[in-house]
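Peer 1: run15.cif is the file, holding mmCIF, C-alpha atoms:
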```
data_entry
loop_
_atom_site.label_atom_id
_atom_site.label_comp_id
_atom_site.auth_asym_id
_atom_site.auth_seq_id
_atom_site.Cartn_x
_atom_site.Cartn_y
_atom_site.Cartn_z
CA MET A 18 -178.99 151.87 -50.82
CA VAL A 19 -181.89 153.79 -52.36
CA GLU A 20 -180.86 156.72 -54.54
CA GLN A 21 -182.09 160.01 -53.08
CA ARG A 22 -183.88 161.67 -55.97
CA ILE A 23 -185.42 164.51 -53.95
CA PRO A 24 -183.06 165.62 -51.18
CA PHE A 25 -184.25 167.17 -47.94
CA VAL A 26 -182.31 170.35 -48.67
CA LYS A 27 -180.29 171.72 -51.57
CA VAL A 28 -178.07 174.79 -51.26
CA GLU A 29 -178.93 177.48 -53.81
CA LEU A 30 -175.63 178.75 -55.23
CA ASP A 31 -175.11 180.59 -58.51
CA GLU A 32 -172.22 182.07 -60.47
CA ALA A 33 -172.55 185.40 -58.65
CA ASP A 34 -171.96 183.60 -55.33
CA ILE A 35 -168.89 181.87 -56.70
CA ALA A 36 -167.54 185.08 -58.22
CA ALA A 37 -168.01 186.97 -54.95
CA VAL A 38 -165.95 184.39 -53.06
CA GLU A 39 -163.34 184.26 -55.81
CA ARG A 40 -162.83 188.03 -55.58
CA VAL A 41 -162.03 187.71 -51.89
CA LEU A 42 -159.66 184.81 -52.49
CA ARG A 43 -157.82 186.86 -55.10
CA SER A 44 -157.70 189.94 -52.86
CA GLY A 45 -155.20 188.36 -50.49
CA TRP A 46 -157.21 189.27 -47.38
CA LEU A 47 -159.37 186.36 -46.23
CA THR A 48 -160.42 186.97 -42.65
CA THR A 49 -162.58 189.69 -41.02
CA ALA A 50 -162.39 192.98 -42.92
CA SER A 51 -164.32 195.03 -45.48
CA GLN A 52 -166.70 192.28 -46.64
CA VAL A 53 -167.82 191.60 -43.07
CA LYS A 54 -168.42 195.29 -42.44
CA ALA A 55 -170.41 195.57 -45.67
CA LEU A 56 -172.52 192.52 -44.79
CA GLU A 57 -173.25 194.00 -41.37
CA ALA A 58 -174.43 197.26 -42.93
CA GLU A 59 -176.64 195.45 -45.44
CA LEU A 60 -178.16 193.24 -42.75
CA ALA A 61 -178.84 196.31 -40.62
CA ALA A 62 -180.74 197.88 -43.50
CA TYR A 63 -182.64 194.65 -44.18
CA THR A 64 -183.64 193.90 -40.56
CA GLY A 65 -184.20 197.44 -39.35
CA ALA A 66 -181.68 196.91 -36.54
CA PRO A 67 -179.22 199.83 -36.20
CA TYR A 68 -176.37 197.53 -35.16
CA VAL A 69 -175.40 194.12 -36.53
CA ASN A 70 -172.47 191.94 -35.50
CA ALA A 71 -171.60 189.25 -38.05
CA VAL A 72 -170.13 186.17 -36.34
CA ASN A 73 -169.39 182.55 -37.16
CA SER A 74 -172.77 181.06 -36.11
CA ALA A 75 -176.10 181.86 -34.54
CA THR A 76 -174.85 179.86 -31.56
CA ALA A 77 -171.97 182.30 -31.18
CA ALA A 78 -174.34 185.25 -31.58
CA MET A 79 -176.55 184.02 -28.73
CA HIS A 80 -173.62 183.13 -26.50
CA LEU A 81 -171.91 186.48 -27.08
CA CYS A 82 -175.13 188.33 -26.33
CA LEU A 83 -175.71 186.51 -23.04
CA ALA A 84 -172.05 186.96 -22.09
CA ALA A 85 -172.27 190.69 -22.88
CA TRP A 86 -175.31 190.87 -20.60
CA ASP A 87 -173.10 189.32 -17.87
CA LEU A 88 -175.22 186.19 -17.40
CA GLY A 89 -173.70 183.82 -14.88
CA PRO A 90 -174.30 181.31 -12.08
CA GLY A 91 -177.58 181.87 -10.27
CA ASP A 92 -179.22 183.55 -13.26
CA GLU A 93 -182.09 181.94 -15.16
CA VAL A 94 -183.10 182.14 -18.82
CA ILE A 95 -186.57 181.05 -19.88
CA THR A 96 -186.71 179.20 -23.19
CA THR A 97 -188.43 176.31 -24.95
CA PRO A 98 -187.71 172.56 -24.93
CA TYR A 99 -188.74 172.41 -28.60
CA THR A 100 -185.59 173.68 -30.29
CA PHE A 101 -182.12 172.69 -31.42
CA THR A 102 -179.72 172.19 -28.54
CA ALA A 103 -177.73 175.36 -29.31
CA THR A 104 -180.50 177.50 -27.82
CA ALA A 105 -180.05 176.07 -24.35
CA ASN A 106 -176.37 175.12 -24.65
CA VAL A 107 -175.39 178.77 -24.75
CA ILE A 108 -177.24 179.38 -21.50
CA VAL A 109 -175.35 176.54 -19.83
CA HIS A 110 -172.04 177.84 -21.20
CA THR A 111 -172.52 181.16 -19.39
CA GLY A 112 -173.08 179.32 -16.11
CA ALA A 113 -176.75 180.34 -16.02
CA SER A 114 -179.64 177.87 -15.84
CA PRO A 115 -182.13 177.18 -18.65
CA VAL A 116 -185.75 177.18 -17.50
CA LEU A 117 -187.92 175.32 -20.00
CA VAL A 118 -191.61 176.02 -20.61
CA ASP A 119 -193.96 174.30 -23.04
CA VAL A 120 -195.02 175.46 -26.48
CA ARG A 121 -198.30 176.25 -28.22
CA GLU A 122 -200.13 173.45 -30.00
CA SER A 123 -200.69 175.67 -33.04
CA ASP A 124 -197.12 176.40 -34.10
CA ALA A 125 -194.68 174.86 -31.56
CA ASN A 126 -193.58 178.35 -30.50
CA ILE A 127 -193.11 179.15 -26.81
CA ASP A 128 -196.32 179.83 -24.87
CA PRO A 129 -196.28 183.38 -23.41
CA GLU A 130 -198.68 182.46 -20.59
CA LEU A 131 -196.26 179.79 -19.39
CA ILE A 132 -193.36 182.24 -19.61
CA GLU A 133 -195.03 184.52 -17.10
CA GLN A 134 -195.70 181.64 -14.73
CA ALA A 135 -192.02 180.59 -14.82
CA ILE A 136 -190.52 183.96 -13.85
CA THR A 137 -188.62 184.05 -10.56
CA PRO A 138 -186.38 186.66 -8.90
CA ASN A 139 -183.45 184.95 -10.70
CA THR A 140 -184.91 185.32 -14.19
CA LYS A 141 -182.83 187.64 -16.37
CA VAL A 142 -183.64 186.78 -20.01
CA ILE A 143 -186.43 185.33 -22.15
CA LEU A 144 -185.12 183.41 -25.17
CA PRO A 145 -187.96 182.61 -27.61
CA VAL A 146 -187.39 180.59 -30.80
CA HIS A 147 -189.20 181.38 -34.07
CA ILE A 148 -189.77 177.80 -35.21
CA SER A 149 -189.41 177.40 -38.99
CA GLY A 150 -189.64 181.19 -39.32
CA GLU A 151 -193.17 181.61 -37.93
CA PRO A 152 -192.74 184.38 -35.36
CA CYS A 153 -193.54 183.95 -31.70
CA ASP A 154 -196.12 186.24 -30.11
CA MET A 155 -193.51 188.96 -29.63
CA ASP A 156 -195.91 191.68 -28.45
CA ALA A 157 -197.01 189.48 -25.56
CA ILE A 158 -193.44 188.40 -24.81
CA MET A 159 -192.10 191.97 -24.86
CA ASP A 160 -194.94 193.10 -22.60
CA ILE A 161 -194.03 190.40 -20.09
CA ALA A 162 -190.34 191.29 -20.31
CA ARG A 163 -190.90 195.01 -19.78
CA ARG A 164 -193.21 194.47 -16.81
CA HIS A 165 -190.61 192.22 -15.14
CA GLY A 166 -187.45 194.08 -16.18
CA LEU A 167 -186.14 191.26 -18.38
CA LYS A 168 -184.11 191.17 -21.59
CA VAL A 169 -185.37 189.34 -24.69
CA LEU A 170 -182.98 187.55 -27.03
CA GLU A 171 -184.70 186.02 -30.06
CA ASP A 172 -183.35 182.79 -31.47
CA ALA A 173 -184.06 183.83 -35.05
CA ALA A 174 -181.98 181.07 -36.63
CA HIS A 175 -184.94 180.24 -38.90
CA ALA A 176 -186.27 183.77 -39.21
CA ILE A 177 -184.20 185.94 -41.55
CA GLY A 178 -186.92 187.57 -43.66
CA THR A 179 -189.69 187.00 -41.11
CA ILE A 180 -192.04 189.98 -40.74
CA TYR A 181 -194.14 190.19 -37.57
CA ARG A 182 -197.12 192.57 -37.72
CA GLY A 183 -195.32 194.75 -40.23
CA ARG A 184 -191.95 194.72 -38.46
CA PRO A 185 -188.93 192.72 -39.66
CA CYS A 186 -187.40 190.14 -37.35
CA GLY A 187 -184.26 191.75 -35.94
CA SER A 188 -186.11 194.79 -34.67
CA LEU A 189 -188.56 193.09 -32.30
CA GLY A 190 -186.69 192.15 -29.10
CA ASP A 191 -183.59 193.51 -27.39
CA ALA A 192 -181.48 191.38 -29.73
CA ALA A 193 -181.96 188.68 -32.37
CA ALA A 194 -179.56 185.95 -33.46
CA PHE A 195 -179.69 184.81 -37.10
CA SER A 196 -178.15 181.69 -38.66
CA PHE A 197 -176.55 181.49 -42.09
CA TYR A 198 -175.67 177.81 -41.89
CA ALA A 199 -175.61 175.86 -45.16
CA ASN A 200 -179.29 174.82 -45.05
CA LYS A 201 -180.71 178.18 -44.03
CA THR A 202 -182.80 180.57 -46.13
CA MET A 203 -179.57 182.42 -47.02
CA THR A 204 -176.11 181.08 -46.28
CA THR A 205 -172.53 182.05 -45.61
CA GLY A 206 -171.57 178.35 -45.35
CA GLU A 207 -171.11 178.72 -41.62
CA GLY A 208 -172.10 181.99 -40.02
CA GLY A 209 -174.59 184.08 -38.13
CA ALA A 210 -175.31 187.57 -36.88
CA LEU A 211 -176.61 189.44 -33.86
CA ALA A 212 -178.97 192.34 -34.55
CA THR A 213 -179.83 194.95 -31.93
CA ALA A 214 -180.78 198.56 -31.34
CA ASP A 215 -178.43 198.68 -28.33
CA GLU A 216 -175.13 200.28 -29.35
CA GLY A 217 -173.48 199.34 -26.05
CA LEU A 218 -174.41 195.68 -26.50
CA SER A 219 -173.07 195.64 -30.06
CA THR A 220 -169.81 197.31 -29.00
CA ARG A 221 -169.21 194.81 -26.21
CA VAL A 222 -170.13 191.85 -28.43
CA ARG A 223 -167.61 193.08 -31.01
CA LYS A 224 -164.88 193.06 -28.39
CA LEU A 225 -165.87 189.63 -27.02
CA THR A 226 -165.96 188.21 -30.55
CA LEU A 227 -162.17 188.51 -30.85
CA HIS A 228 -160.59 187.51 -27.54
CA GLY A 229 -161.50 190.78 -25.82
CA MET A 230 -158.87 192.57 -27.92
CA SER A 231 -158.82 196.32 -28.37
CA LYS A 232 -157.98 195.92 -32.08
CA ASP A 233 -158.78 193.25 -34.69
CA ALA A 234 -156.39 191.93 -37.32
CA TYR A 235 -157.47 194.48 -39.92
CA ASN A 236 -156.68 197.32 -37.52
CA ARG A 237 -153.28 195.80 -36.74
CA TYR A 238 -152.09 194.53 -40.12
CA GLY A 239 -153.84 196.85 -42.56
CA ALA A 240 -152.37 200.05 -43.96
CA GLY A 241 -151.69 202.46 -41.13
CA GLY A 242 -152.29 199.80 -38.50
CA THR A 243 -150.18 199.18 -35.41
CA TRP A 244 -149.05 195.98 -33.78
CA ARG A 245 -149.84 197.19 -30.27
CA TYR A 246 -153.12 196.03 -28.69
CA ASP A 247 -154.61 195.25 -25.30
CA ILE A 248 -156.72 192.39 -23.96
CA GLU A 249 -159.43 194.34 -22.19
CA GLU A 250 -161.46 191.32 -21.03
CA PHE A 251 -161.58 187.56 -21.57
CA GLY A 252 -163.32 187.03 -24.90
CA PHE A 253 -163.83 184.32 -27.48
CA LYS A 254 -162.96 183.52 -31.12
CA ASP A 255 -166.23 183.90 -32.98
CA ASN A 256 -165.48 186.19 -35.93
CA LEU A 257 -166.79 185.70 -39.47
CA THR A 258 -164.37 185.64 -42.41
CA ASP A 259 -164.51 187.89 -45.46
CA ILE A 260 -164.83 184.73 -47.57
CA ALA A 261 -168.05 183.81 -45.79
CA ALA A 262 -169.31 187.40 -45.75
CA ALA A 263 -168.85 187.78 -49.51
CA LEU A 264 -171.04 184.73 -50.05
CA GLY A 265 -173.55 186.13 -47.57
CA ARG A 266 -173.77 189.47 -49.36
CA SER A 267 -174.44 187.74 -52.66
CA GLN A 268 -177.09 185.55 -51.03
CA LEU A 269 -178.72 188.46 -49.22
CA ALA A 270 -179.21 190.20 -52.58
CA ARG A 271 -181.40 187.22 -53.61
CA LEU A 272 -183.10 186.60 -50.27
CA GLU A 273 -186.46 188.03 -51.30
CA GLN A 274 -186.52 185.73 -54.32
CA PHE A 275 -185.56 182.78 -52.12
CA ILE A 276 -188.49 183.57 -49.81
CA GLU A 277 -190.87 183.92 -52.75
CA ASP A 278 -189.80 180.51 -54.08
CA ARG A 279 -190.08 178.88 -50.65
CA THR A 280 -193.56 180.35 -50.24
CA ARG A 281 -194.56 178.81 -53.58
CA VAL A 282 -193.33 175.41 -52.35
CA ALA A 283 -195.20 175.77 -49.05
CA GLN A 284 -198.40 176.75 -50.81
CA ARG A 285 -198.07 173.76 -53.12
CA TYR A 286 -197.67 171.41 -50.15
CA ILE A 287 -200.70 172.94 -48.44
CA ALA A 288 -202.85 172.65 -51.56
CA ASN A 289 -201.84 169.00 -51.96
CA LEU A 290 -202.25 167.95 -48.34
CA ARG A 291 -205.06 170.08 -46.91
CA ASP A 292 -207.59 167.26 -47.32
CA GLU A 293 -205.32 164.46 -46.04
CA PRO A 294 -207.03 163.28 -42.83
CA ASP A 295 -203.92 161.74 -41.27
CA ILE A 296 -201.82 164.92 -41.56
CA LEU A 297 -201.74 168.12 -39.52
CA LEU A 298 -200.38 170.99 -41.60
CA PRO A 299 -198.33 173.84 -40.11
CA LEU A 300 -200.48 176.68 -38.81
CA PHE A 301 -199.37 180.24 -39.40
CA SER A 302 -200.74 183.74 -39.00
CA GLU A 303 -201.76 185.57 -42.17
CA GLU A 304 -200.76 188.88 -40.59
CA ASN A 305 -197.08 187.85 -40.61
CA ARG A 306 -194.66 186.89 -43.37
CA HIS A 307 -193.31 183.37 -42.96
CA PRO A 308 -190.02 182.71 -44.85
CA TRP A 309 -190.55 178.93 -44.73
CA HIS A 310 -187.09 177.84 -43.65
CA ILE A 311 -188.57 174.36 -43.21
CA PHE A 312 -191.96 172.73 -43.86
CA MET A 313 -193.13 170.78 -40.81
CA ILE A 314 -196.10 168.41 -40.87
CA ARG A 315 -197.44 166.10 -38.18
CA VAL A 316 -198.77 162.58 -38.55
CA ARG A 317 -201.95 162.44 -36.50
CA GLU A 318 -202.08 160.18 -33.48
CA GLY A 319 -204.00 157.05 -34.46
CA ALA A 320 -203.06 157.22 -38.15
CA GLN A 321 -202.48 153.89 -39.90
CA ALA A 322 -198.77 154.71 -40.27
CA SER A 323 -196.57 156.15 -37.53
CA ARG A 324 -194.19 159.08 -37.95
CA ASP A 325 -191.26 156.67 -38.24
CA ASP A 326 -193.16 154.58 -40.82
CA VAL A 327 -193.65 157.71 -42.90
CA ILE A 328 -189.96 158.61 -42.77
CA ALA A 329 -188.98 155.07 -43.72
CA GLY A 330 -191.50 155.00 -46.56
CA LEU A 331 -190.30 158.29 -48.01
CA THR A 332 -186.68 157.19 -47.68
CA GLU A 333 -187.48 154.03 -49.65
CA ARG A 334 -188.92 156.23 -52.38
CA GLY A 335 -185.78 158.37 -52.58
CA ILE A 336 -187.15 161.35 -50.68
CA GLY A 337 -185.13 163.02 -47.91
CA THR A 338 -186.76 164.10 -44.65
CA SER A 339 -185.81 165.24 -41.17
CA VAL A 340 -187.40 165.75 -37.75
CA HIS A 341 -187.53 169.15 -36.01
CA PHE A 342 -186.92 168.79 -33.10
CA ILE A 343 -186.06 166.17 -30.50
CA PRO A 344 -187.17 167.91 -27.28
CA LEU A 345 -184.20 168.99 -25.19
CA HIS A 346 -185.18 166.98 -22.12
CA TYR A 347 -184.97 163.76 -24.16
CA HIS A 348 -181.21 164.20 -24.64
CA THR A 349 -178.64 162.61 -22.35
CA ALA A 350 -176.85 165.84 -21.44
CA TYR A 351 -180.10 167.44 -20.28
CA LYS A 352 -181.20 164.32 -18.45
CA LYS A 353 -177.95 164.52 -16.47
CA LEU A 354 -179.01 167.92 -15.17
CA GLY A 355 -181.77 166.06 -13.34
CA ARG A 356 -184.34 168.82 -13.77
CA TRP A 357 -186.85 167.42 -16.27
CA GLN A 358 -188.41 164.13 -17.28
CA GLU A 359 -190.72 162.85 -19.99
CA GLY A 360 -194.21 164.17 -19.44
CA ASP A 361 -193.11 167.61 -18.26
CA PHE A 362 -193.83 169.28 -21.62
CA PRO A 363 -196.83 167.47 -23.11
CA VAL A 364 -197.39 169.76 -26.09
CA ALA A 365 -193.75 169.66 -27.21
CA GLU A 366 -193.68 165.89 -26.72
CA ARG A 367 -196.90 165.41 -28.68
CA PHE A 368 -195.65 167.67 -31.46
CA PHE A 369 -192.37 165.72 -31.69
CA ALA A 370 -194.12 162.32 -31.74
CA GLY A 371 -195.75 163.08 -35.08
CA GLU A 372 -193.39 165.60 -36.69
CA VAL A 373 -191.86 165.07 -40.15
CA THR A 374 -190.02 167.82 -42.02
CA LEU A 375 -190.46 167.57 -45.77
CA PRO A 376 -188.04 168.77 -48.46
CA MET A 377 -187.93 172.57 -48.75
CA TYR A 378 -185.66 174.70 -50.93
CA PRO A 379 -186.18 177.33 -53.63
CA GLY A 380 -185.30 175.00 -56.51
CA LEU A 381 -187.90 172.38 -55.55
CA THR A 382 -190.27 172.14 -58.51
CA ASN A 383 -194.04 171.85 -58.34
CA ALA A 384 -193.74 168.38 -59.90
CA GLU A 385 -191.31 167.33 -57.16
CA VAL A 386 -193.62 168.66 -54.45
CA ASP A 387 -196.46 166.67 -56.02
CA GLU A 388 -194.26 163.57 -56.02
CA VAL A 389 -193.42 164.02 -52.33
CA CYS A 390 -197.10 164.38 -51.49
CA GLN A 391 -198.08 161.32 -53.50
CA ALA A 392 -195.36 159.27 -51.80
CA LEU A 393 -196.56 160.55 -48.44
CA ARG A 394 -200.12 159.45 -49.15
CA GLU A 395 -198.97 156.03 -50.32
CA THR A 396 -196.92 155.58 -47.17
CA LEU A 397 -199.74 156.70 -44.91
CA HIS A 398 -202.28 154.37 -46.45
CA GLY A 399 -200.12 151.38 -47.38
CA THR A 400 -200.66 151.62 -51.13
#
```
Let me see the structure of the file written as structure tokens.
Peer 2:
Amino acid sequence: MVEQRIPFVKVELDEADIAAVERVLRSGWLTTASQVKALEAELAAYTGAPYVNAVNSATAAMHLCLAAWDLGPGDEVITTPYTFTATANVIVHTGASPVLVDVRESDANIDPELIEQAITPNTKVILPVHISGEPCDMDAIMDIARRHGLKVLEDAAHAIGTIYRGRPCGSLGDAAAFSFYANKTMTTGEGGALATADEGLSTRVRKLTLHGMSKDAYNRYGAGGTWRYDIEEFGFKDNLTDIAAALGRSQLARLEQFIEDRTRVAQRYIANLRDEPDILLPLFSEENRHPWHIFMIRVREGAQASRDDVIAGLTERGIGTSVHFIPLHYHTAYKKLGRWQEGDFPVAERFFAGEVTLPMYPGLTNAEVDEVCQALRETLHGT
């Protein structure tokens, strides 16, 4: 087995992160309490969203939001086939139906023109995904939503730190779901958050997060608490722990530096590869800030090496890669729904056929980026 010298991702942890978690462990209170509340307040300030609910994943954040909007059988949610399965899974879990529309060739983000064409009397929500952190055309999407009386939930799993036309992601749609999974731009290990300007939505999500209970554990077991509570509706178990939140607060304090370092890496890749004829580089708008959660390239159709050849060649040279994403309608579970087949989303399918995600993390050195690019060229041209 070839030693992986340059991994696909490396989690950026420092002594401050470790100390923050240790303080919680020594406090004796591990689950949802003061650290979660503090993280929510800090995320609200960072994103510009008045209300933030910290939960155990972006998946949970999206599911809770749709559940709080009372999505159910007969309802439709328009989203993209070019995303991780969580985006559409949460729609299915509410009993509603995902309606998939194709993406733009430029950035693999959902195409607003196709959104409008897909709206029916059953459409309730538009669920765009900010691929790699490059924002969707939110002005166009919000205009469509307002004209048709629809809600907009952003899958912002890649987009903490994204700024769209001067506005931070989290204050663009009706709600935005962030991910703090281990490989994300900032991490809580496992975790996520829902950001919104809708106080009623946030209040209901908070209740649904913990079984539909009228009081959480801190209210019941803390000083002055009471054991008596009520189950006011059927909720879930999606809360974030104080252990995770403490790590998140420490990471959030360094998020701007993380984004600066990721931008350096992206710029180095672009400078190295801009003249490579067999590669399509990621396109992005200069008017926005891209946090570069991942760095996606495409091997051109007709290149000497295929996408899979490139991945194999980089693996042999000790360089980790990934592919973002396998289109949803290629997966068995979605095929069983019997609603889509190959050929239905030509842009997403074409994007996937050539996509390779290169290593991206703040600690990646310029020399390592240069090594990845040299290995990529050698693989493409058989040298």
Peer 1: Residue by residue, what does the PyMOL selection byres ((chain A and resi 93-105) around 7) grab here? Present the result as an MDAnalysis selection string.
Peer 2: chainID A and resid 76 91:92 106:109 113:120 127 132 139:145 342 344:346 365
Peer 1: I need the chosen residues saved as an mmCIF file, in the frame of the given file, with C-alpha atoms.
Peer 2:
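Output (result_14.cif):
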```
data_model
loop_
_atom_site.group_PDB
_atom_site.id
_atom_site.type_symbol
_atom_site.label_atom_id
_atom_site.label_comp_id
_atom_site.auth_asym_id
_atom_site.auth_seq_id
_atom_site.Cartn_x
_atom_site.Cartn_y
_atom_site.Cartn_z
ATOM 1 C CA THR A 76 -174.850 179.860 -31.560
ATOM 2 C CA GLY A 91 -177.580 181.870 -10.270
ATOM 3 C CA ASP A 92 -179.220 183.550 -13.260
ATOM 4 C CA ASN A 106 -176.370 175.120 -24.650
ATOM 5 C CA VAL A 107 -175.390 178.770 -24.750
ATOM 6 C CA ILE A 108 -177.240 179.380 -21.500
ATOM 7 C CA VAL A 109 -175.350 176.540 -19.830
ATOM 8 C CA ALA A 113 -176.750 180.340 -16.020
ATOM 9 C CA SER A 114 -179.640 177.870 -15.840
ATOM 10 C CA PRO A 115 -182.130 177.180 -18.650
ATOM 11 C CA VAL A 116 -185.750 177.180 -17.500
ATOM 12 C CA LEU A 117 -187.920 175.320 -20.000
ATOM 13 C CA VAL A 118 -191.610 176.020 -20.610
ATOM 14 C CA ASP A 119 -193.960 174.300 -23.040
ATOM 15 C CA VAL A 120 -195.020 175.460 -26.480
ATOM 16 C CA ILE A 127 -193.110 179.150 -26.810
ATOM 17 C CA ILE A 132 -193.360 182.240 -19.610
ATOM 18 C CA ASN A 139 -183.450 184.950 -10.700
ATOM 19 C CA THR A 140 -184.910 185.320 -14.190
ATOM 20 C CA LYS A 141 -182.830 187.640 -16.370
ATOM 21 C CA VAL A 142 -183.640 186.780 -20.010
ATOM 22 C CA ILE A 143 -186.430 185.330 -22.150
ATOM 23 C CA LEU A 144 -185.120 183.410 -25.170
ATOM 24 C CA PRO A 145 -187.960 182.610 -27.610
ATOM 25 C CA PHE A 342 -186.920 168.790 -33.100
ATOM 26 C CA PRO A 344 -187.170 167.910 -27.280
ATOM 27 C CA LEU A 345 -184.200 168.990 -25.190
ATOM 28 C CA HIS A 346 -185.180 166.980 -22.120
ATOM 29 C CA ALA A 365 -193.750 169.660 -27.210
#
```
Peer 1: One decimal, in Å: what's the spacing between atom CA of A:His307 and atom CA of A:Leu30?
Peer 2: 22.0 Å
Peer 1: In terms of the shortest atom-to-atom distance over all atoms listed in the file, which of A:Arg164, A:Arg22, A:Arg266, A:Arg221 is closest to A:Phe197?
Peer 2: A:Arg266
Peer 1: Give the answer as one residue: which of A:Ser188, A:Asn383, A:Ser123, A:Ala36 has the shortest atom-to-atom distance to A:Leu60, using all atoms listed in the file?
Peer 2: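 That would be A:Ser188, the residue with the smallest distance to A:Leu60.
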Peer 1: Given the file shown, determine the residues that the PyMOL selection byres ((chain A and resi 191) around 8) selects; report them as a PyMOL selection string.
Peer 2: chain A and resi 168-170+188-190+192-193+213-215
Peer 1: Pick out the residues sitting within 10 Å of A:Ile23, and hand them over as number ranges by chain; count only C-alpha atoms, and ignore anything fewer than 5 positions along from it in its own chain.
Peer 2: A: 331-332, 334-338, 376-377, 381, 385-386, 388-389
Peer 1: Take the residues from that selection and put them in a file with C-alpha atoms, as a PDB file, in the coordinates of the input.
Peer 2:
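Final output, saved to out.pdb:
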```pdb
ATOM      1  CA  LEU A 331    -190.300 158.290 -48.010  1.00  0.00           C
ATOM      2  CA  THR A 332    -186.680 157.190 -47.680  1.00  0.00           C
ATOM      3  CA  ARG A 334    -188.920 156.230 -52.380  1.00  0.00           C
ATOM      4  CA  GLY A 335    -185.780 158.370 -52.580  1.00  0.00           C
ATOM      5  CA  ILE A 336    -187.150 161.350 -50.680  1.00  0.00           C
ATOM      6  CA  GLY A 337    -185.130 163.020 -47.910  1.00  0.00           C
ATOM      7  CA  THR A 338    -186.760 164.100 -44.650  1.00  0.00           C
ATOM      8  CA  PRO A 376    -188.040 168.770 -48.460  1.00  0.00           C
ATOM      9  CA  MET A 377    -187.930 172.570 -48.750  1.00  0.00           C
ATOM     10  CA  LEU A 381    -187.900 172.380 -55.550  1.00  0.00           C
ATOM     11  CA  GLU A 385    -191.310 167.330 -57.160  1.00  0.00           C
ATOM     12  CA  VAL A 386    -193.620 168.660 -54.450  1.00  0.00           C
ATOM     13  CA  GLU A 388    -194.260 163.570 -56.020  1.00  0.00           C
ATOM     14  CA  VAL A 389    -193.420 164.020 -52.330  1.00  0.00           C
TER      15      VAL A 389
END
```
Peer 1: Where does the PyMOL selection byres ((chain A and resi 225) around 12) land in this file, that is, which residues does it pick, as a PyMOL selection string?
Peer 2: chain A and resi 70+72+77-78+80-87+218-224+226-233+248-256
Peer 1: Here is a test: counting all atoms listed in the file, which residue of A:Arg184, A:Arg394, A:His110, A:Arg40 is nearest to A:Ala320?
Peer 2: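 Among A:Arg184, A:Arg394, A:His110, A:Arg40, it is A:Arg394 that comes nearest to A:Ala320.
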